[in-house]
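Chemist: Sharing start_6.txt below, compact mmCIF, C-alpha atoms:
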# COMPACT_ATOMS: atom_id res chain seq x y z
CA MET T 1056 0.00 0.00 0.00
CA SER T 1057 1.42 3.38 -0.99
CA ASP T 1058 2.05 6.08 1.57
CA GLN T 1059 1.73 8.80 -0.99
CA PRO T 1060 -0.73 11.49 0.28
CA TYR T 1061 -3.86 12.26 -1.59
CA GLU T 1062 -2.90 15.25 -3.60
CA GLY T 1063 -5.56 17.78 -4.33
CA ARG T 1064 -7.97 16.15 -1.98
CA TYR T 1065 -9.09 19.42 -0.42
CA GLU T 1066 -8.28 21.76 -3.28
CA GLY T 1067 -11.17 21.55 -5.67
CA PRO T 1068 -14.83 22.30 -4.83
CA TYR T 1069 -16.99 19.31 -4.18
CA GLU T 1070 -20.23 18.39 -2.53
CA GLY T 1071 -20.12 16.48 0.69
CA TYR T 1072 -19.03 16.65 4.25
CA ASP T 1073 -15.52 17.91 5.10
CA PRO T 1074 -14.55 17.66 8.76
CA TYR T 1075 -11.48 19.88 8.21
CA PRO T 1076 -12.56 22.81 6.06
CA GLN T 1077 -9.75 24.73 4.31
CA PRO T 1078 -9.92 28.31 3.16
CA GLN T 1079 -11.04 28.59 -0.43
CA GLN T 1080 -8.43 29.63 -2.93
CA HIS T 1081 -9.36 31.72 -5.86
CA GLN T 1082 -8.02 29.47 -8.58
CA PRO T 1083 -9.65 27.42 -11.29
CA PRO T 1084 -10.82 24.02 -10.15
CA GLN T 1085 -8.47 21.16 -10.84
CA GLN T 1086 -9.36 17.57 -11.32
CA PRO T 1087 -7.78 15.59 -8.45
CA GLU T 1088 -5.29 12.96 -9.44
CA TRP T 1089 -5.75 9.70 -7.64
CA PRO T 1090 -3.29 6.83 -7.49
CA GLN T 1091 -3.98 4.08 -9.98
CA HIS T 1092 -4.48 1.50 -7.28
CA THR T 1093 -7.07 3.50 -5.33
CA GLN T 1094 -10.77 3.29 -5.81
CA GLN T 1095 -12.99 6.09 -7.04
CA TRP T 1096 -16.53 6.76 -5.90
CA GLU T 1097 -19.30 9.23 -6.33
CA GLY T 1098 -21.17 10.91 -3.52
CA GLN T 1099 -20.03 12.07 -0.18
CA THR T 1100 -16.50 11.92 1.23
CA TRP T 1101 -16.35 10.38 4.63
CA GLU T 1102 -13.67 10.44 7.33
CA THR T 1103 -10.68 8.19 6.78
CA GLN T 1104 -10.54 7.01 10.37
CA VAL T 1105 -12.74 4.29 11.71
CA GLN T 1106 -15.40 5.83 13.91
CA PRO T 1107 -17.68 3.92 16.26
CA SER T 1108 -21.04 3.25 14.79
CA MET T 1109 -23.64 5.80 15.82
CA PRO T 1110 -27.37 5.32 16.20
CA ALA T 1111 -29.19 5.28 12.91
CA ALA T 1112 -31.31 8.25 13.91
CA ASP T 1113 -28.16 10.42 14.29
CA THR T 1114 -26.34 9.34 11.09
CA THR T 1115 -29.26 9.29 8.70
CA TYR T 1116 -28.63 11.64 5.83
CA LEU T 1117 -31.60 13.74 4.77
CA PRO T 1118 -31.06 15.39 1.38
CA PRO T 1119 -32.17 19.01 1.03
CA GLN T 1120 -35.56 19.59 -0.52
CA GLY T 1121 -35.54 20.32 -4.19
CA TYR T 1122 -32.43 18.21 -4.97
CA GLN T 1123 -32.15 14.62 -6.03
CA ALA T 1124 -30.78 12.43 -3.31
CA TYR T 1125 -27.57 10.56 -3.99
CA PRO T 1126 -27.52 6.79 -3.80
CA GLU T 1127 -26.43 5.20 -0.58
CA PRO T 1128 -22.70 6.01 -0.31
CA GLN T 1129 -20.07 3.45 0.58
CA THR T 1130 -18.09 4.02 3.74
CA TYR T 1131 -14.36 3.36 3.63
CA GLY T 1132 -11.60 3.38 6.14
CA THR T 1133 -8.19 2.78 4.67
CA VAL T 1134 -7.95 2.27 0.97
CA GLY T 1135 -9.48 -0.97 -0.14
CA GLN T 1136 -10.86 -1.90 3.29
CA PRO T 1137 -14.51 -1.01 3.85
CA LEU T 1138 -15.83 -0.36 7.30
CA PRO T 1139 -18.35 -2.70 8.92
CA GLN T 1140 -21.71 -2.21 7.34
CA GLU T 1141 -23.87 0.17 9.32
CA ALA T 1142 -27.30 -0.81 10.57
CA PRO T 1143 -30.07 0.21 8.18
CA ALA T 1144 -31.99 3.27 9.22
CA PRO T 1145 -35.46 2.47 10.59
CA ALA T 1146 -38.37 3.35 8.39
CA PRO T 1147 -39.95 6.66 9.46
CA GLU T 1148 -43.28 6.40 11.19
CA TRP T 1149 -46.23 7.16 8.98
CA THR T 1150 -48.04 10.32 9.84
CA PRO T 1151 -51.35 11.24 8.21
CA ALA T 1152 -51.10 14.03 5.74
CA TYR T 1153 -54.44 15.44 6.87
CA GLN T 1154 -55.10 16.42 10.42
CA PRO T 1155 -58.76 17.07 11.35
CA PRO T 1156 -59.22 20.76 12.02
CA VAL T 1157 -60.10 21.96 15.48
CA GLN T 1158 -63.60 23.34 15.49
CA GLN T 1159 -64.72 26.33 17.53
CA ALA T 1160 -68.15 25.66 19.01
CA PRO T 1161 -70.27 28.80 18.65
CA GLY T 1162 -71.95 29.97 21.79
CA THR T 1163 -69.84 27.80 24.11
CA GLY T 1164 -66.64 29.80 24.29
CA GLY T 1165 -64.57 26.59 24.12
CA VAL T 1166 -62.84 24.43 21.59
CA VAL T 1167 -64.43 21.17 20.48
CA THR T 1168 -61.95 18.44 19.53
CA PRO T 1169 -62.65 14.86 18.43
CA ASP T 1170 -62.67 12.39 21.26
CA SER T 1171 -60.92 9.33 19.90
CA ALA T 1172 -61.20 7.43 23.17
CA SER T 1173 -64.98 7.52 23.39
CA GLY T 1174 -65.66 7.50 19.65
CA TYR T 1175 -67.84 10.58 19.79
CA GLY T 1176 -67.08 13.12 17.12
CA PRO T 1177 -67.50 16.85 17.38
CA PRO T 1178 -70.99 18.32 16.98
CA THR T 1179 -71.59 19.42 13.43
CA VAL T 1180 -74.24 21.42 11.65
CA THR T 1181 -74.86 18.58 9.20
CA GLY T 1182 -75.61 16.13 11.99
CA ASN T 1183 -73.81 13.35 13.81
CA ALA T 1184 -75.55 10.24 15.02
CA ARG T 1185 -73.15 9.88 17.97
CA VAL T 1186 -73.89 13.38 19.33
CA THR T 1187 -76.83 14.12 21.60
CA ASP T 1188 -79.45 16.66 20.63
CA ALA T 1189 -78.42 18.98 23.43
CA GLN T 1190 -74.75 18.92 22.32
CA ARG T 1191 -75.68 19.57 18.71
CA ALA T 1192 -77.95 22.46 19.72
CA ARG T 1193 -75.19 24.07 21.78
CA ALA T 1194 -72.68 23.63 18.93
CA GLU T 1195 -75.07 25.27 16.49
CA GLY T 1196 -75.72 28.19 18.82
CA ARG T 1197 -79.29 27.16 19.62
CA SER T 1198 -80.82 26.78 23.04
CA PRO T 1199 -80.87 23.19 24.32
CA ILE T 1200 -84.22 23.86 26.00
CA ILE T 1201 -87.21 22.25 24.31
CA GLU T 1202 -90.72 23.17 25.38
CA PRO T 1203 -93.38 20.48 25.76
CA GLY T 1204 -95.31 21.60 22.69
CA LEU T 1205 -98.94 21.63 21.67
CA GLN T 1206 -100.00 18.07 22.57
CA PRO T 1207 -98.96 18.28 26.25
CA ALA T 1208 -100.56 21.74 26.35
CA VAL T 1209 -103.84 20.25 25.16
CA LEU T 1210 -103.64 17.58 27.88
CA THR T 1211 -102.93 20.28 30.48
CA ALA T 1212 -105.94 22.24 29.24
CA VAL T 1213 -108.16 19.16 29.44
CA LEU T 1214 -107.01 18.38 32.99
CA GLY T 1215 -107.42 22.03 33.98
CA LEU T 1216 -110.96 22.13 32.63
CA LEU T 1217 -111.72 18.93 34.57
CA LEU T 1218 -110.51 20.60 37.77
CA SER T 1219 -112.51 23.72 36.97
CA GLY T 1220 -115.71 21.82 36.24
CA THR T 1221 -115.54 19.36 39.15
CA ALA T 1222 -114.78 22.19 41.60
CA ALA T 1223 -118.12 23.71 40.75
CA ILE T 1224 -119.80 20.34 41.40
CA GLY T 1225 -118.37 19.57 44.81
CA GLN T 1226 -115.29 18.82 46.87
CA TYR T 1227 -115.48 15.06 46.50
CA ALA T 1228 -115.89 15.32 42.74
CA LEU T 1229 -112.72 17.41 42.64
CA VAL T 1230 -110.74 14.60 44.26
CA VAL T 1231 -110.85 12.43 41.09
CA PRO T 1232 -108.92 14.72 38.68
CA LEU T 1233 -106.78 15.95 41.59
CA VAL T 1234 -105.50 12.43 42.35
CA LEU T 1235 -104.68 11.98 38.66
CA LEU T 1236 -102.78 15.27 38.71
CA GLN T 1237 -100.78 14.22 41.78
CA ALA T 1238 -99.84 10.85 40.28
CA VAL T 1239 -98.60 12.42 37.05
CA THR T 1240 -96.69 15.04 39.04
CA ALA T 1241 -94.85 12.42 41.11
CA ALA T 1242 -93.87 10.35 38.07
CA GLY T 1243 -92.90 13.33 35.93
CA TRP T 1244 -90.57 14.87 38.51
CA PHE T 1245 -88.47 11.72 38.86
CA ARG T 1246 -88.18 11.33 35.10
CA LEU T 1247 -87.33 15.01 34.73
CA ASN T 1248 -84.37 14.47 37.07
CA GLY T 1249 -83.16 11.44 35.12
CA MET T 1250 -84.16 8.90 37.78
CA TRP T 1251 -86.04 6.09 36.09
CA PRO T 1252 -87.32 3.64 37.06
CA ALA T 1253 -87.92 4.96 40.58
CA ARG T 1254 -91.02 3.06 41.62
CA GLN T 1255 -90.41 3.38 45.34
CA GLY T 1256 -89.87 7.13 45.17
CA ILE T 1257 -92.93 7.66 42.96
CA ALA T 1258 -95.08 5.48 45.20
CA LEU T 1259 -93.84 7.32 48.29
CA ALA T 1260 -94.56 10.77 46.82
CA PHE T 1261 -97.98 9.72 45.56
CA LEU T 1262 -98.83 8.16 48.93
CA GLY T 1263 -97.96 11.45 50.62
CA ALA T 1264 -100.29 13.33 48.28
CA VAL T 1265 -103.16 10.94 48.95
CA THR T 1266 -102.51 11.22 52.69
CA ALA T 1267 -102.73 15.03 52.44
CA ASP T 1268 -106.04 14.74 50.55
CA VAL T 1269 -107.50 12.44 53.19
CA ALA T 1270 -106.26 14.64 56.03
CA LEU T 1271 -107.77 17.72 54.39
CA LEU T 1272 -111.12 16.08 53.81
CA ALA T 1273 -111.15 14.94 57.44
CA ALA T 1274 -110.05 18.29 58.92
CA GLY T 1275 -111.97 20.59 56.57
CA ARG T 1276 -110.90 23.63 54.57
CA GLU T 1277 -110.48 25.78 57.67
CA ASN T 1278 -107.62 23.48 58.79
CA ALA T 1279 -106.08 23.13 55.35
CA PRO T 1280 -102.65 24.66 56.20
CA ALA T 1281 -102.17 22.30 59.13
CA ALA T 1282 -103.21 19.27 57.10
CA ILE T 1283 -100.94 20.11 54.15
CA LEU T 1284 -97.88 21.28 56.08
CA GLY T 1285 -98.21 18.50 58.65
CA THR T 1286 -98.30 15.83 55.96
CA LEU T 1287 -95.33 17.44 54.21
CA GLY T 1288 -93.26 17.45 57.40
CA VAL T 1289 -94.06 13.83 58.18
CA TRP T 1290 -93.14 12.77 54.64
CA VAL T 1291 -89.83 14.61 54.69
CA LEU T 1292 -88.92 12.79 57.92
CA LEU T 1293 -90.09 9.45 56.50
CA THR T 1294 -88.06 9.97 53.32
CA LEU T 1295 -84.97 10.84 55.35
CA VAL T 1296 -85.28 7.67 57.43
CA LEU T 1297 -85.70 5.48 54.34
CA GLN T 1298 -82.67 7.04 52.65
CA LEU T 1299 -80.54 6.48 55.74
CA ARG T 1300 -81.38 2.79 55.58
CA SER T 1301 -80.23 2.61 51.97
CA HIS T 1302 -76.95 0.83 51.15
CA ALA T 1303 -76.10 3.09 48.21
CA ASP T 1304 -73.13 5.44 48.19
CA PRO T 1305 -73.58 8.83 49.91
CA ASP T 1306 -73.91 10.83 46.69
CA THR T 1307 -76.63 8.57 45.36
CA ARG T 1308 -78.52 8.68 48.65
CA MET T 1309 -78.38 12.46 48.78
CA TYR T 1310 -79.59 12.75 45.19
CA GLY T 1311 -82.43 10.33 45.83
CA LEU T 1312 -83.36 12.15 49.04
CA MET T 1313 -83.64 15.52 47.30
CA ALA T 1314 -85.60 14.12 44.36
CA THR T 1315 -88.05 12.25 46.61
CA VAL T 1316 -88.62 15.24 48.89
CA ALA T 1317 -89.19 17.58 45.93
CA SER T 1318 -91.56 15.15 44.23
CA ALA T 1319 -93.57 14.60 47.42
CA ALA T 1320 -93.67 18.35 48.10
CA LEU T 1321 -95.05 19.14 44.62
CA ALA T 1322 -97.63 16.37 44.82
CA ILE T 1323 -98.72 17.45 48.31
CA ILE T 1324 -98.81 21.15 47.37
CA ALA T 1325 -101.22 20.25 44.56
CA THR T 1326 -103.69 19.54 47.37
CA GLY T 1327 -104.08 23.30 47.50
CA HIS T 1328 -106.74 22.99 44.80
CA LEU T 1329 -108.77 20.93 47.24
CA ALA T 1330 -108.19 23.42 50.04
CA ALA T 1331 -109.09 26.54 48.01
CA GLU T 1332 -112.54 27.98 47.58
CA PRO T 1333 -114.53 26.32 44.76
CA ASP T 1334 -114.89 29.58 42.81
CA ALA T 1335 -111.16 30.20 43.02
CA VAL T 1336 -110.39 26.71 41.70
CA THR T 1337 -112.87 27.20 38.87
CA VAL T 1338 -111.28 30.48 37.79
CA GLY T 1339 -107.65 29.48 38.41
CA ALA T 1340 -107.76 26.11 36.63
CA ALA T 1341 -109.48 27.65 33.60
CA ALA T 1342 -106.87 30.43 33.51
CA VAL T 1343 -104.03 27.88 33.57
CA ALA T 1344 -105.61 25.92 30.73
CA VAL T 1345 -105.90 29.00 28.51
CA ALA T 1346 -102.42 30.29 29.42
CA ILE T 1347 -100.67 27.01 28.54
CA LEU T 1348 -102.51 26.78 25.22
CA ALA T 1349 -101.44 30.34 24.39
CA ARG T 1350 -97.86 29.54 25.42
CA ALA T 1351 -97.75 26.66 22.94
CA LEU T 1352 -98.46 28.96 19.98
CA PRO T 1353 -95.61 29.29 17.44
CA LEU T 1354 -94.49 32.74 18.58
CA PRO T 1355 -91.21 34.18 19.89
CA THR T 1356 -90.65 33.40 23.54
CA ALA T 1357 -91.15 36.93 24.85
CA ALA T 1358 -94.29 37.47 22.79
CA SER T 1359 -95.63 34.05 23.74
CA VAL T 1360 -95.21 34.77 27.46
CA VAL T 1361 -97.01 38.12 27.17
CA VAL T 1362 -99.85 36.58 25.16
CA ALA T 1363 -100.17 33.74 27.70
CA LEU T 1364 -100.43 36.13 30.65
CA LEU T 1365 -102.99 38.28 28.88
CA ALA T 1366 -104.99 35.18 28.01
CA ALA T 1367 -104.88 34.03 31.65
CA ALA T 1368 -106.16 37.42 32.85
CA GLY T 1369 -108.87 37.41 30.20
CA ALA T 1370 -109.95 33.90 31.17
CA GLY T 1371 -110.06 35.01 34.81
CA ILE T 1372 -112.39 37.86 33.93
CA ALA T 1373 -114.59 35.66 31.74
CA VAL T 1374 -114.91 32.76 34.20
CA GLY T 1375 -114.98 35.10 37.20
CA GLY T 1376 -118.09 36.72 35.78
CA MET T 1377 -119.82 33.35 36.14
CA THR T 1378 -118.89 33.16 39.82
CA ASP T 1379 -118.93 35.51 42.79
CA LEU T 1380 -115.43 36.77 42.05
CA GLY T 1381 -116.49 38.95 39.10
CA SER T 1382 -113.70 41.19 37.79
CA LYS T 1383 -111.44 40.14 40.63
CA GLY T 1384 -110.96 36.95 38.71
CA ALA T 1385 -108.47 38.82 36.49
CA PHE T 1386 -105.97 39.05 39.36
CA LEU T 1387 -106.48 35.43 40.31
CA GLY T 1388 -106.15 34.33 36.68
CA LEU T 1389 -102.98 36.41 36.23
CA GLY T 1390 -101.37 34.97 39.37
CA ALA T 1391 -102.26 31.42 38.40
CA GLY T 1392 -100.92 32.06 34.90
CA VAL T 1393 -97.54 33.25 36.22
CA CYS T 1394 -97.14 30.13 38.37
CA ALA T 1395 -98.23 27.92 35.49
CA LEU T 1396 -95.59 29.41 33.18
CA ILE T 1397 -92.94 28.77 35.82
CA GLY T 1398 -93.97 25.13 35.98
CA HIS T 1399 -94.02 24.98 32.19
CA ARG T 1400 -90.46 26.33 32.05
CA VAL T 1401 -89.22 23.80 34.60
CA ALA T 1402 -90.62 20.95 32.51
CA SER T 1403 -88.71 22.26 29.46
CA TYR T 1404 -85.27 21.83 31.02
CA ASP T 1405 -82.35 20.63 28.83
CA TYR T 1406 -83.79 18.41 26.08
CA PRO T 1407 -86.15 16.26 28.15
CA SER T 1408 -87.64 13.11 26.70
CA ARG T 1409 -91.11 12.71 25.28
CA PHE T 1410 -92.19 10.98 28.47
CA VAL T 1411 -91.18 14.06 30.48
CA HIS T 1412 -93.27 16.25 28.21
CA PHE T 1413 -96.35 14.10 28.74
CA THR T 1414 -95.92 13.86 32.52
CA ALA T 1415 -94.07 16.82 34.02
CA GLY T 1416 -95.02 19.03 31.08
CA VAL T 1417 -98.70 18.29 31.69
CA ALA T 1418 -98.81 18.32 35.50
CA LEU T 1419 -96.30 20.93 36.68
CA PRO T 1420 -98.22 24.00 35.43
CA LEU T 1421 -101.32 22.98 37.38
CA ALA T 1422 -99.39 21.80 40.45
CA ALA T 1423 -97.36 25.03 40.59
CA ALA T 1424 -100.52 27.12 40.33
CA ALA T 1425 -102.14 25.50 43.39
CA PRO T 1426 -100.60 27.87 46.01
CA ALA T 1427 -101.63 30.95 43.99
CA VAL T 1428 -105.17 29.63 43.64
CA TYR T 1429 -105.43 28.98 47.39
CA LEU T 1430 -103.86 32.26 48.59
CA LEU T 1431 -105.46 34.59 46.02
CA GLY T 1432 -108.80 32.85 46.41
CA ARG T 1433 -108.80 33.54 50.17
CA ALA T 1434 -107.55 37.10 49.68
CA LEU T 1435 -110.05 38.04 46.99
CA GLY T 1436 -113.01 36.02 48.29
Is it possible to give me this structure as structure tokens?
Modeler:
Amino acid sequence: MSDQPYEGRYEGPYEGYDPYPQPQQHQPPQQPEWPQHTQQWEGQTWETQVQPSMPAADTTYLPPQGYQAYPEPQTYGTVGQPLPQEAPAPAPEWTPAYQPPVQQAPGTGGVVTPDSASGYGPPTVTGNARVTDAQRARAEGRSPIIEPGLQPAVLTAVLGLLLSGTAAIGQYALVVPLVLLQAVTAAGWFRLNGMWPARQGIALAFLGAVTADVALLAAGRENAPAAILGTLGVWVLLTLVLQLRSHADPDTRMYGLMATVASAALAIIATGHLAAEPDAVTVGAAAVAVAILARALPLPTAASVVVALLAAAGAGIAVGGMTDLGSKGAFLGLGAGVCALIGHRVASYDYPSRFVHFTAGVALPLAAAAPAVYLLGRALG
């Protein structure tokens, strides 16, 4: 092997990697002369000393964009003796060329990203079968609140007219539609809170309402507050004892306790129709029926509320003229209409199911109006 140095090795311009850069000389390029017994190659010039093999990720050559990559160069140590073959570079991981864009949900103030773990995609305007109606409504900037609609309003009007008509007949005739109202109230409240089936809670609330009716009939209208409030207190205590005996976790017991107490309270408060004066029940129930029908009209919310209140006052005047209340029925009808709209709004909470509409949506307006009918009836009568 010749010890003659490589003449002109660093003189001419070339492409590749030079670990010992020399200052460029302003002279015409010369073709390097290589010994006859040395090999010639194309591509990059590598170091002449044997270097320890490096990880493939550090020695991988990435050609600049826009230029054609050279073939895999050969690595040499001394002349005629190649180095040990390096390990092949691992294939780069495949990355998708398209990344799904991040969507900004209007009206939520947050960013909606696909949830790959759960399989639920982002809410879209075009629809997504894996997205709930409430999520899609929020993503589209609409309110997730859905009102019961016309059919439950018709059922509320029918039940209200039954209360109004039977109140004029007698107290015992009023018990029949009142018990139906209390049963629907108890069932609808549990379903409105997402607790279904809850047979024990519904039965307990309904039993409290029936107990209040019996206590009121036994004590008379003059003792109505004691009968209603006494039954409510006993049922709250009974519900608390039953929940303490439950083996569920504390959060579940607390949630069940609140739902049962609220359901029993609404069903027992509906007994106020039985405690009120017959003329007040006749006017108030008719006003609720007309107000809920007016609220179901296809109008903007603000206009619908105003129309419903005016209709309730008008119904109070009309029905009050048939009773001893006269024009005072307008105030009673207006008060009952306000309470009925509150109950109607509660039954419209956050995309309820159809069953909620036909239970809580039917009963809550009439049950919520019972205190107004009792108090205004005594004040105006």
Chemist: At what distance in Å, to one decimal, does CA of Ala1340 (chain T) lie from CA of Leu1210 (chain T)?
Modeler: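 Atom-to-atom, CA of Leu1210 (chain T) and CA of Ala1340 (chain T) are spaced 12.9 Å apart.
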Chemist: Quote the spacing between CA of Arg1276 (chain T) and CA of Ala1330 (chain T) in Å to one decimal place.
Modeler: 5.3 Å
Chemist: The residues within 12 Å of (-90.1, 6.3, 44.4), using all atoms listed in the file and the coordinates of the file, should be reported as a ChimeraX atom specification; which are they?
Modeler: /T:1238,1241-1246,1250-1263,1294,1297-1298,1311-1319
Chemist: Rounded to one decimal, what separation in Å do you get between CA of Ser1219 (chain T) and CA of Asn1248 (chain T)?
Modeler: 29.6 Å
Chemist: Hey, could you pull the box centre and edge lengths for region 1294-1302 of chain T, axis-aligned, 6 Å padding per side, all listed atoms, to one decimal in Å, as lines of an AutoDock Vina configuration file?
Modeler:
center_x = -82.5
center_y = 5.8
center_z = 54.3
size_x = 23.1
size_y = 22.0
size_z = 18.3
Chemist: Got a sec: who's within 8 Å of Ala1425 (chain T), counting only C-alpha atoms, leaving out chain neighbours fewer than 2 positions off, as a PyMOL selection string?
Modeler: chain T and resi 1324-1328+1391+1421-1423+1427-1429
Chemist: Around (-104.4, 11.2, 50.1) in the file's frame, which residues reach within 10 Å when counting all atoms listed in the file? Return as a PyMOL selection string?
Modeler: chain T and resi 1230+1234+1237+1261-1272+1286+1323+1326
Chemist: Do a neighbour search on region 1362-1373 of chain T at 10 Å with all atoms listed in the file, toss out local chain neighbours closer than 6 positions, and write the hits as a ChimeraX atom specification.
Modeler: /T:1335,1337-1352,1354,1356,1380-1393,1395-1396
Chemist: Take the residues just selected and output them with C-alpha atoms as a CSV table (one decimal), keeping the file's coordinate frame.
Modeler:
chain,number,residue,atom,x,y,z
T,1335,ALA,CA,-111.2,30.2,43.0
T,1337,THR,CA,-112.9,27.2,38.9
T,1338,VAL,CA,-111.3,30.5,37.8
T,1339,GLY,CA,-107.6,29.5,38.4
T,1340,ALA,CA,-107.8,26.1,36.6
T,1341,ALA,CA,-109.5,27.6,33.6
T,1342,ALA,CA,-106.9,30.4,33.5
T,1343,VAL,CA,-104.0,27.9,33.6
T,1344,ALA,CA,-105.6,25.9,30.7
T,1345,VAL,CA,-105.9,29.0,28.5
T,1346,ALA,CA,-102.4,30.3,29.4
T,1347,ILE,CA,-100.7,27.0,28.5
T,1348,LEU,CA,-102.5,26.8,25.2
T,1349,ALA,CA,-101.4,30.3,24.4
T,1350,ARG,CA,-97.9,29.5,25.4
T,1351,ALA,CA,-97.8,26.7,22.9
T,1352,LEU,CA,-98.5,29.0,20.0
T,1354,LEU,CA,-94.5,32.7,18.6
T,1356,THR,CA,-90.6,33.4,23.5
T,1380,LEU,CA,-115.4,36.8,42.0
T,1381,GLY,CA,-116.5,39.0,39.1
T,1382,SER,CA,-113.7,41.2,37.8
T,1383,LYS,CA,-111.4,40.1,40.6
T,1384,GLY,CA,-111.0,37.0,38.7
T,1385,ALA,CA,-108.5,38.8,36.5
T,1386,PHE,CA,-106.0,39.0,39.4
T,1387,LEU,CA,-106.5,35.4,40.3
T,1388,GLY,CA,-106.2,34.3,36.7
T,1389,LEU,CA,-103.0,36.4,36.2
T,1390,GLY,CA,-101.4,35.0,39.4
T,1391,ALA,CA,-102.3,31.4,38.4
T,1392,GLY,CA,-100.9,32.1,34.9
T,1393,VAL,CA,-97.5,33.2,36.2
T,1395,ALA,CA,-98.2,27.9,35.5
T,1396,LEU,CA,-95.6,29.4,33.2
Chemist: Go through T:Ser1359, T:Ala1331, T:Leu1229, T:Asp1304 one by one, measure the shortest atom-to-atom distance of each to Ala1279 (chain T) using only C-alpha atoms, and give the residue with the smallest value.
Modeler: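 Checking each candidate against Ala1279 (chain T), we get T:Ala1331 as the closest.
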Chemist: Got a minute to add N, CA and C atoms to region 1195-1210 of chain T and dump it as a compact mmCIF listing (two decimals), in the frame of the given file?
Modeler:
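As written to disk, out-v7.txt reads:
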# COMPACT_ATOMS: atom_id res chain seq x y z
N GLU T 1195 -74.48 24.45 17.55
CA GLU T 1195 -75.07 25.27 16.49
C GLU T 1195 -75.55 26.62 17.01
N GLY T 1196 -75.32 26.89 18.26
CA GLY T 1196 -75.72 28.19 18.82
C GLY T 1196 -77.18 28.27 19.19
N ARG T 1197 -77.89 27.15 19.24
CA ARG T 1197 -79.29 27.16 19.62
C ARG T 1197 -79.44 26.79 21.10
N SER T 1198 -80.57 27.11 21.65
CA SER T 1198 -80.82 26.78 23.04
C SER T 1198 -81.14 25.29 23.17
N PRO T 1199 -80.55 24.61 24.16
CA PRO T 1199 -80.87 23.19 24.32
C PRO T 1199 -82.20 22.94 25.01
N ILE T 1200 -82.94 24.00 25.32
CA ILE T 1200 -84.22 23.86 26.00
C ILE T 1200 -85.32 23.63 24.98
N ILE T 1201 -86.09 22.58 25.19
CA ILE T 1201 -87.21 22.25 24.31
C ILE T 1201 -88.49 22.31 25.15
N GLU T 1202 -89.44 23.05 24.68
CA GLU T 1202 -90.72 23.17 25.38
C GLU T 1202 -91.61 21.97 25.08
N PRO T 1203 -92.55 21.66 25.97
CA PRO T 1203 -93.38 20.48 25.76
C PRO T 1203 -94.12 20.47 24.44
N GLY T 1204 -94.62 21.60 23.98
CA GLY T 1204 -95.31 21.60 22.69
C GLY T 1204 -96.82 21.64 22.84
N LEU T 1205 -97.49 21.45 21.71
CA LEU T 1205 -98.94 21.63 21.67
C LEU T 1205 -99.69 20.46 22.30
N GLN T 1206 -99.26 19.22 22.05
CA GLN T 1206 -100.00 18.07 22.57
C GLN T 1206 -100.02 18.04 24.10
N PRO T 1207 -98.88 18.18 24.80
CA PRO T 1207 -98.96 18.28 26.25
C PRO T 1207 -99.78 19.47 26.73
N ALA T 1208 -99.75 20.58 25.98
CA ALA T 1208 -100.56 21.74 26.35
C ALA T 1208 -102.04 21.41 26.27
N VAL T 1209 -102.43 20.65 25.27
CA VAL T 1209 -103.84 20.25 25.16
C VAL T 1209 -104.24 19.36 26.34
N LEU T 1210 -103.34 18.43 26.73
CA LEU T 1210 -103.64 17.58 27.88
C LEU T 1210 -103.73 18.41 29.17
